[in-house]
$ cat input31.txt   # compact mmCIF, C-alpha atoms
# COMPACT_ATOMS: atom_id res chain seq x y z
CA MET L 6 -23.28 -6.65 -4.07
CA ASP L 7 -23.78 -7.50 -0.43
CA ASN L 8 -24.38 -4.54 1.91
CA LYS L 9 -23.23 -5.76 5.31
CA ASP L 10 -23.63 -2.55 7.31
CA GLU L 11 -25.36 0.76 6.75
CA TYR L 12 -22.12 2.65 6.06
CA LEU L 13 -20.42 -0.12 4.05
CA LEU L 14 -20.92 -1.08 0.43
CA ASN L 15 -19.42 -4.46 -0.39
CA PHE L 16 -18.37 -5.15 -3.97
CA LYS L 17 -16.66 -8.44 -4.83
CA GLY L 18 -15.53 -8.93 -1.26
CA TYR L 19 -14.17 -5.41 -0.73
CA ASN L 20 -15.81 -2.83 1.57
CA PHE L 21 -16.17 0.73 0.29
CA GLN L 22 -17.55 3.65 2.29
CA ARG L 23 -21.09 3.96 0.91
CA SER L 24 -21.34 7.76 1.01
CA LEU L 25 -17.84 8.22 -0.33
CA VAL L 26 -18.67 6.12 -3.38
CA LYS L 27 -21.63 8.36 -4.13
CA MET L 28 -19.84 11.61 -3.30
CA ASN L 29 -16.38 10.73 -4.63
CA ILE L 30 -14.66 11.41 -1.31
CA VAL L 31 -11.89 9.55 0.52
CA GLU L 32 -9.61 9.53 3.51
CA SER L 33 -6.25 7.86 3.11
CA THR L 34 -2.67 7.55 4.14
CA ILE L 35 -1.15 10.49 2.30
CA TRP L 36 2.56 10.43 2.98
CA THR L 37 3.43 8.70 -0.29
CA GLN L 38 1.30 11.15 -2.25
CA GLN L 39 3.44 13.95 -0.84
CA ILE L 40 6.74 12.16 -1.50
CA LEU L 41 5.86 11.34 -5.11
CA SER L 42 4.56 14.87 -5.71
CA LEU L 43 7.86 16.25 -4.44
CA ILE L 44 9.88 13.81 -6.54
CA TYR L 45 8.06 14.42 -9.81
CA PHE L 46 6.97 18.06 -9.72
CA GLU L 47 9.47 20.90 -9.43
CA GLY L 48 6.62 23.30 -8.70
CA HIS L 49 5.70 21.23 -5.64
CA ARG L 50 9.29 21.16 -4.38
CA SER L 51 9.72 24.92 -4.87
CA ASN L 52 6.24 25.80 -3.53
CA THR L 53 5.51 27.75 -6.70
CA GLU L 54 2.42 25.65 -7.51
CA ASN L 55 -0.52 25.44 -5.13
CA ILE L 56 -1.92 22.05 -6.16
CA GLN L 57 -3.11 19.62 -3.49
CA THR L 58 -1.62 16.14 -3.44
CA VAL L 59 -5.14 14.69 -3.64
CA ASP L 60 -5.27 16.19 -7.15
CA ARG L 61 -1.68 15.41 -8.12
CA ALA L 62 -2.18 11.74 -7.21
CA PRO L 63 -5.96 11.16 -7.26
CA PHE L 64 -7.63 7.96 -6.13
CA PHE L 65 -9.11 5.53 -8.62
CA GLU L 66 -11.94 4.53 -6.30
CA TYR L 67 -12.67 7.91 -4.68
CA ASN L 68 -12.07 10.81 -7.08
CA ILE L 69 -12.70 13.64 -4.65
CA HIS L 70 -12.41 16.61 -7.02
CA ASN L 71 -13.67 14.85 -10.15
CA VAL L 72 -10.33 14.97 -11.89
CA ASP L 73 -10.46 13.97 -15.55
CA PHE L 74 -7.94 11.11 -15.51
CA ALA L 75 -7.57 11.18 -19.30
CA LYS L 76 -6.36 14.77 -19.21
CA ILE L 77 -3.68 14.28 -16.55
CA PRO L 78 -0.31 14.95 -18.20
CA SER L 79 2.54 12.44 -17.95
CA PRO L 80 3.87 11.32 -15.57
CA ARG L 81 0.55 10.15 -14.18
CA ILE L 82 0.42 9.24 -10.50
CA PHE L 83 -2.59 7.50 -8.99
CA SER L 84 -3.40 6.32 -5.49
CA THR L 85 -5.55 3.38 -4.43
CA HIS L 86 -6.48 1.12 -1.54
CA LEU L 87 -8.00 -1.47 -3.85
CA PRO L 88 -7.14 -5.18 -3.58
CA TYR L 89 -5.11 -6.63 -6.43
CA TYR L 90 -8.14 -8.14 -8.17
CA LEU L 91 -10.06 -4.86 -8.48
CA VAL L 92 -7.36 -2.63 -9.98
CA PRO L 93 -7.53 -1.79 -13.71
CA LYS L 94 -6.10 -4.52 -15.94
CA VAL L 95 -3.53 -2.06 -17.29
CA PHE L 96 -1.75 -2.42 -13.93
CA LYS L 97 -0.36 -5.71 -15.22
CA ASN L 98 1.51 -3.82 -17.93
CA LYS L 99 5.09 -3.91 -16.69
CA LYS L 100 5.48 -0.24 -17.66
CA VAL L 101 3.09 0.58 -14.81
CA LYS L 102 5.05 0.77 -11.57
CA ILE L 103 3.31 0.07 -8.29
CA LEU L 104 4.64 1.22 -4.94
CA TYR L 105 2.97 -0.72 -2.11
CA ILE L 106 3.46 1.00 1.26
CA TYR L 107 2.57 -1.18 4.23
CA ARG L 108 2.57 -0.48 7.97
CA ASN L 109 2.53 -2.72 10.99
CA PRO L 110 -1.15 -3.56 11.49
CA LYS L 111 -1.26 -2.73 15.20
CA ASP L 112 -0.48 0.89 14.37
CA VAL L 113 -2.89 0.70 11.42
CA LEU L 114 -5.58 -0.43 13.85
CA THR L 115 -4.76 2.36 16.32
CA SER L 116 -4.69 5.07 13.66
CA TYR L 117 -7.91 3.78 12.09
CA PHE L 118 -9.65 3.74 15.48
CA HIS L 119 -8.90 7.43 16.06
CA PHE L 120 -9.69 8.36 12.45
CA SER L 121 -13.08 6.64 12.63
CA SER L 122 -13.88 8.64 15.74
CA LEU L 123 -13.10 11.89 13.89
CA ILE L 124 -14.77 11.41 10.50
CA VAL L 125 -18.57 11.59 10.39
CA LEU L 126 -18.91 9.20 7.46
CA LEU L 127 -17.20 6.36 9.32
CA GLU L 128 -18.69 4.32 12.11
CA ALA L 129 -17.15 5.30 15.44
CA SER L 130 -16.46 2.61 18.05
CA ASN L 131 -16.88 3.17 21.76
CA SER L 132 -13.81 1.10 22.61
CA VAL L 133 -10.58 -0.24 21.13
CA GLU L 134 -11.86 -3.77 21.79
CA THR L 135 -14.98 -3.23 19.69
CA PHE L 136 -13.02 -1.68 16.84
CA MET L 137 -10.30 -4.31 17.02
CA GLN L 138 -12.86 -7.06 16.51
CA ALA L 139 -14.38 -5.26 13.53
CA PHE L 140 -10.89 -4.63 12.10
CA LEU L 141 -9.84 -8.26 12.44
CA ASP L 142 -13.14 -9.47 10.98
CA GLY L 143 -12.82 -7.13 8.00
CA ARG L 144 -16.01 -5.25 8.89
CA VAL L 145 -14.43 -1.88 8.09
CA VAL L 146 -13.85 0.25 5.00
CA GLY L 147 -11.04 -1.49 3.12
CA SER L 148 -12.10 -4.92 4.40
CA ASN L 149 -9.58 -7.36 5.86
CA TRP L 150 -6.03 -5.99 6.19
CA PHE L 151 -4.48 -9.47 6.04
CA ASP L 152 -6.32 -10.41 2.85
CA HIS L 153 -5.23 -7.17 1.20
CA ILE L 154 -1.50 -7.41 1.82
CA ARG L 155 -1.38 -11.19 1.28
CA GLY L 156 -3.24 -10.85 -2.00
CA TRP L 157 -0.87 -8.24 -3.37
CA TYR L 158 2.22 -10.12 -2.19
CA GLU L 159 1.11 -13.50 -3.49
CA HIS L 160 0.34 -11.94 -6.90
CA ARG L 161 3.43 -9.71 -6.98
CA HIS L 162 4.80 -11.46 -10.06
CA ASP L 163 1.78 -10.27 -12.03
CA PHE L 164 2.83 -6.66 -11.48
CA ASN L 165 5.89 -4.41 -11.52
CA ILE L 166 5.71 -3.75 -7.79
CA MET L 167 7.96 -2.70 -4.92
CA PHE L 168 7.01 -3.19 -1.27
CA LEU L 169 8.26 -0.62 1.22
CA SER L 170 7.37 -0.35 4.89
CA TYR L 171 6.12 2.82 6.55
CA GLU L 172 8.47 2.14 9.44
CA ASP L 173 11.54 1.96 7.19
CA MET L 174 10.48 5.29 5.70
CA LYS L 175 10.20 6.79 9.19
CA LYS L 176 13.57 5.46 10.30
CA ASP L 177 15.44 6.36 7.10
CA LEU L 178 13.49 8.80 4.96
CA ARG L 179 16.37 9.75 2.69
CA GLY L 180 17.31 6.12 2.06
CA SER L 181 13.66 5.31 1.32
CA VAL L 182 13.34 8.19 -1.13
CA LEU L 183 16.48 6.95 -2.88
CA LYS L 184 14.93 3.46 -3.16
CA ILE L 185 11.74 4.94 -4.57
CA CYS L 186 13.66 7.02 -7.11
CA SER L 187 15.69 3.99 -8.16
CA PHE L 188 12.55 1.90 -8.63
CA LEU L 189 10.91 4.69 -10.64
CA GLU L 190 14.12 5.36 -12.59
CA LYS L 191 13.88 9.00 -11.58
CA GLU L 192 17.12 10.90 -11.05
CA LEU L 193 17.24 13.92 -8.74
CA SER L 194 20.07 16.32 -8.06
CA GLU L 195 21.43 16.50 -4.53
CA GLU L 196 19.69 19.84 -4.10
CA ASP L 197 16.34 18.42 -5.22
CA MET L 198 16.81 15.33 -3.07
CA ASP L 199 17.44 17.56 -0.04
CA ALA L 200 14.26 19.49 -0.83
CA VAL L 201 12.21 16.30 -1.11
CA VAL L 202 13.47 14.86 2.17
CA ARG L 203 13.10 18.16 4.04
CA GLN L 204 9.52 18.75 2.97
CA ALA L 205 8.46 15.11 3.27
CA THR L 206 9.11 14.86 7.02
CA PHE L 207 5.95 14.25 9.02
CA GLN L 208 6.03 17.62 10.79
CA ASN L 209 6.59 19.60 7.60
CA MET L 210 3.88 17.66 5.79
CA LYS L 211 1.49 18.24 8.70
CA SER L 212 1.90 22.01 8.27
CA ASP L 213 1.62 21.92 4.45
CA PRO L 214 -1.99 22.69 3.42
CA ARG L 215 -1.37 21.08 0.03
CA ALA L 216 -0.68 17.74 1.70
CA ASN L 217 -2.26 17.57 5.16
CA TYR L 218 -5.88 17.00 3.98
CA GLU L 219 -7.26 19.41 6.60
CA ASP L 220 -9.17 21.30 3.91
CA VAL L 221 -10.54 18.02 2.55
CA ILE L 222 -11.85 16.62 5.82
CA ARG L 223 -13.35 19.92 6.99
CA LYS L 224 -15.00 21.05 3.73
CA ASP L 225 -15.66 17.85 1.80
CA ILE L 226 -16.03 15.03 4.29
CA GLY L 227 -16.97 16.49 7.67
CA THR L 228 -15.74 15.82 11.21
CA ARG L 229 -17.52 15.09 14.47
CA ASN L 230 -15.56 17.82 16.26
CA ASP L 231 -12.72 20.29 15.81
CA GLN L 232 -10.37 18.49 18.20
CA GLY L 233 -8.69 16.02 15.88
CA THR L 234 -6.53 16.38 12.77
CA PHE L 235 -6.13 14.19 9.72
CA LEU L 236 -2.45 13.67 10.49
CA ARG L 237 -2.22 12.64 14.12
CA LYS L 238 1.12 11.32 15.44
CA GLY L 239 2.64 9.27 12.64
CA THR L 240 4.84 7.45 15.14
CA ILE L 241 5.96 3.83 15.34
CA GLY L 242 4.58 1.78 18.21
CA ASP L 243 1.67 3.99 19.32
CA TRP L 244 -0.35 0.77 19.61
CA LYS L 245 1.43 0.13 22.94
CA HIS L 246 -0.59 2.99 24.46
CA HIS L 247 -3.90 1.49 23.35
CA LEU L 248 -3.81 -2.32 23.30
CA THR L 249 -3.96 -4.32 26.51
CA VAL L 250 -1.66 -7.30 27.07
CA ASP L 251 -4.52 -9.66 26.25
CA GLN L 252 -5.45 -7.75 23.07
CA ASN L 253 -1.83 -7.70 21.95
CA GLU L 254 -1.44 -11.45 22.50
CA ARG L 255 -4.65 -12.18 20.58
CA PHE L 256 -3.51 -9.94 17.76
CA ASP L 257 -0.13 -11.69 17.62
CA ARG L 258 -1.78 -15.09 17.26
CA ILE L 259 -4.00 -13.88 14.42
CA PHE L 260 -1.06 -12.11 12.76
CA TYR L 261 1.08 -15.25 12.83
CA ARG L 262 -1.71 -17.41 11.49
CA ASN L 263 -2.30 -15.07 8.55
CA MET L 264 1.24 -13.90 7.79
CA LYS L 265 3.51 -16.85 8.61
CA ASN L 266 4.18 -17.50 4.93
CA ILE L 267 4.67 -13.84 3.96
CA PRO L 268 8.37 -12.89 4.39
CA LEU L 269 7.85 -9.11 4.54
CA LYS L 270 9.63 -7.41 7.43
CA PHE L 271 7.51 -5.77 10.11
CA ILE L 272 8.75 -3.25 12.66
CA TRP L 273 6.65 -2.89 15.80
CA ASP L 274 8.73 -0.46 17.85
CA THR L 275 11.12 2.43 17.22
CA ASN L 276 13.93 0.47 18.92
CA GLU L 277 13.86 -2.35 16.37
$ encode --input "input31.txt" --output "structure tokens"
Amino acid sequence: MDNKDEYLLNFKGYNFQRSLVKMNIVESTIWTQQILSLIYFEGHRSNTENIQTVDRAPFFEYNIHNVDFAKIPSPRIFSTHLPYYLVPKVFKNKKVKILYIYRNPKDVLTSYFHFSSLIVLLEASNSVETFMQAFLDGRVVGSNWFDHIRGWYEHRHDFNIMFLSYEDMKKDLRGSVLKICSFLEKELSEEDMDAVVRQATFQNMKSDPRANYEDVIRKDIGTRNDQGTFLRKGTIGDWKHHLTVDQNERFDRIFYRNMKNIPLKFIWDTNE
């Protein structure tokens, strides 16, 4: 193990949040947790069960509420930000289905910058430029974004995996839910599909205490102030309000150098 920074714990080339490893706490993109919870659990769709998505689809690497994985009834849903080489070997069993949700990295950078400013356990940056350099160098929790997505894509044949972009989900939520259901071989009635799509919109999820992580970040993790929320905008192209022309051009060059051989589609603006 190589501990690069005070708040990072590096294990086999991947940066974990040091305190979160000890305390079993995590922050994450949670939209897919909500969608899968709505797809699989009738009690979640009907609001008759008050179970948080962090417990319905717990993280392998940060088990916030100490869920006993062995006692989770089928179907079991897990979340992770781990690189392909750190996931349990059982992931290579073709019966295990992996849904890889990716987002354009400029918006990832922007969202991460604001999130790091909110959460006390993450290192806040005093400028987008400072954070952008750390992000591109992989000196953040989760390490290098390019290495992560390239690694999973280049080893996709080792897994039963489907890649789906955050932007496609935003632009066509119903179509994306249908794709997810098809991949998972899960059939829903029209009524249930309507319920999933309705409750999985960003605004509805933001107001759902089972899914918006507000309880988690306030009680379990801690925030620097009461001004921010876990779910911020969720829009496509917010990076345009934060990156300068020079920063955008530098990012484009690095993106092309790292992703030129990866044929995944990226959407950078709502008009695309």
$ residues_around --input "input31.txt" --residues "segment 178-191 of chain L" --least-positions-apart "2" --cutoff "6 Å" --atoms "only C-alpha atoms" --output "ChimeraX atom specification"
/L:174-175,202
$ atom_distance --input "input31.txt" --atom1 "atom CA of Gln38 of chain L" --atom2 "atom CA of Met264 of chain L"
27.0 Å
$ closest_residue --input "input31.txt" --among "L:His153, L:Arg61, L:His70, L:Lys176" --to "Leu43 of chain L" --atoms "only C-alpha atoms"
L:Arg61
$ atom_distance --input "input31.txt" --atom1 "atom CA of Lys265 of chain L" --atom2 "atom CA of Phe151 of chain L"
11.2 Å
$ residues_around --input "input31.txt" --residues "Glu159 of chain L" --least-positions-apart "5" --cutoff "10 Å" --atoms "all atoms listed in the file" --output "PyMOL selection string"
chain L and resi 89+154+266-267
$ closest_residue --input "input31.txt" --among "L:Ser84, L:Phe46, L:Asn109, L:Ile241" --to "Ile69 of chain L" --atoms "all atoms listed in the file"
L:Ser84
$ atom_distance --input "input31.txt" --atom1 "atom CA of Phe164 of chain L" --atom2 "atom CA of Lys97 of chain L"
5.0 Å
$ axis_aligned_box --input "input31.txt" --around "segment 86-101 of chain L" --padding-each-side "4 Å" --output "lines of an AutoDock Vina configuration file"
center_x = -2.3
center_y = -3.5
center_z = -9.7
size_x = 23.5
size_y = 17.3
size_z = 24.4
$ closest_atom_pairs --input "input31.txt" --of "segment 94-113 of chain L" --to "segment 246-259 of chain L" --cutoff "10 Å" --atoms "only C-alpha atoms" --output "tab-separated table"
residue	atom	partner	partner_atom	distance
L:Pro110	CA	L:Phe256	CA	9.3
L:Lys111	CA	L:Phe256	CA	8.0
L:Asp112	CA	L:His247	CA	9.6
$ residues_around --input "input31.txt" --residues "Ser194 of chain L" --least-positions-apart "4" --cutoff "12 Å" --atoms "all atoms listed in the file" --output "ChimeraX atom specification"
/L:44,47,183,186,198-201
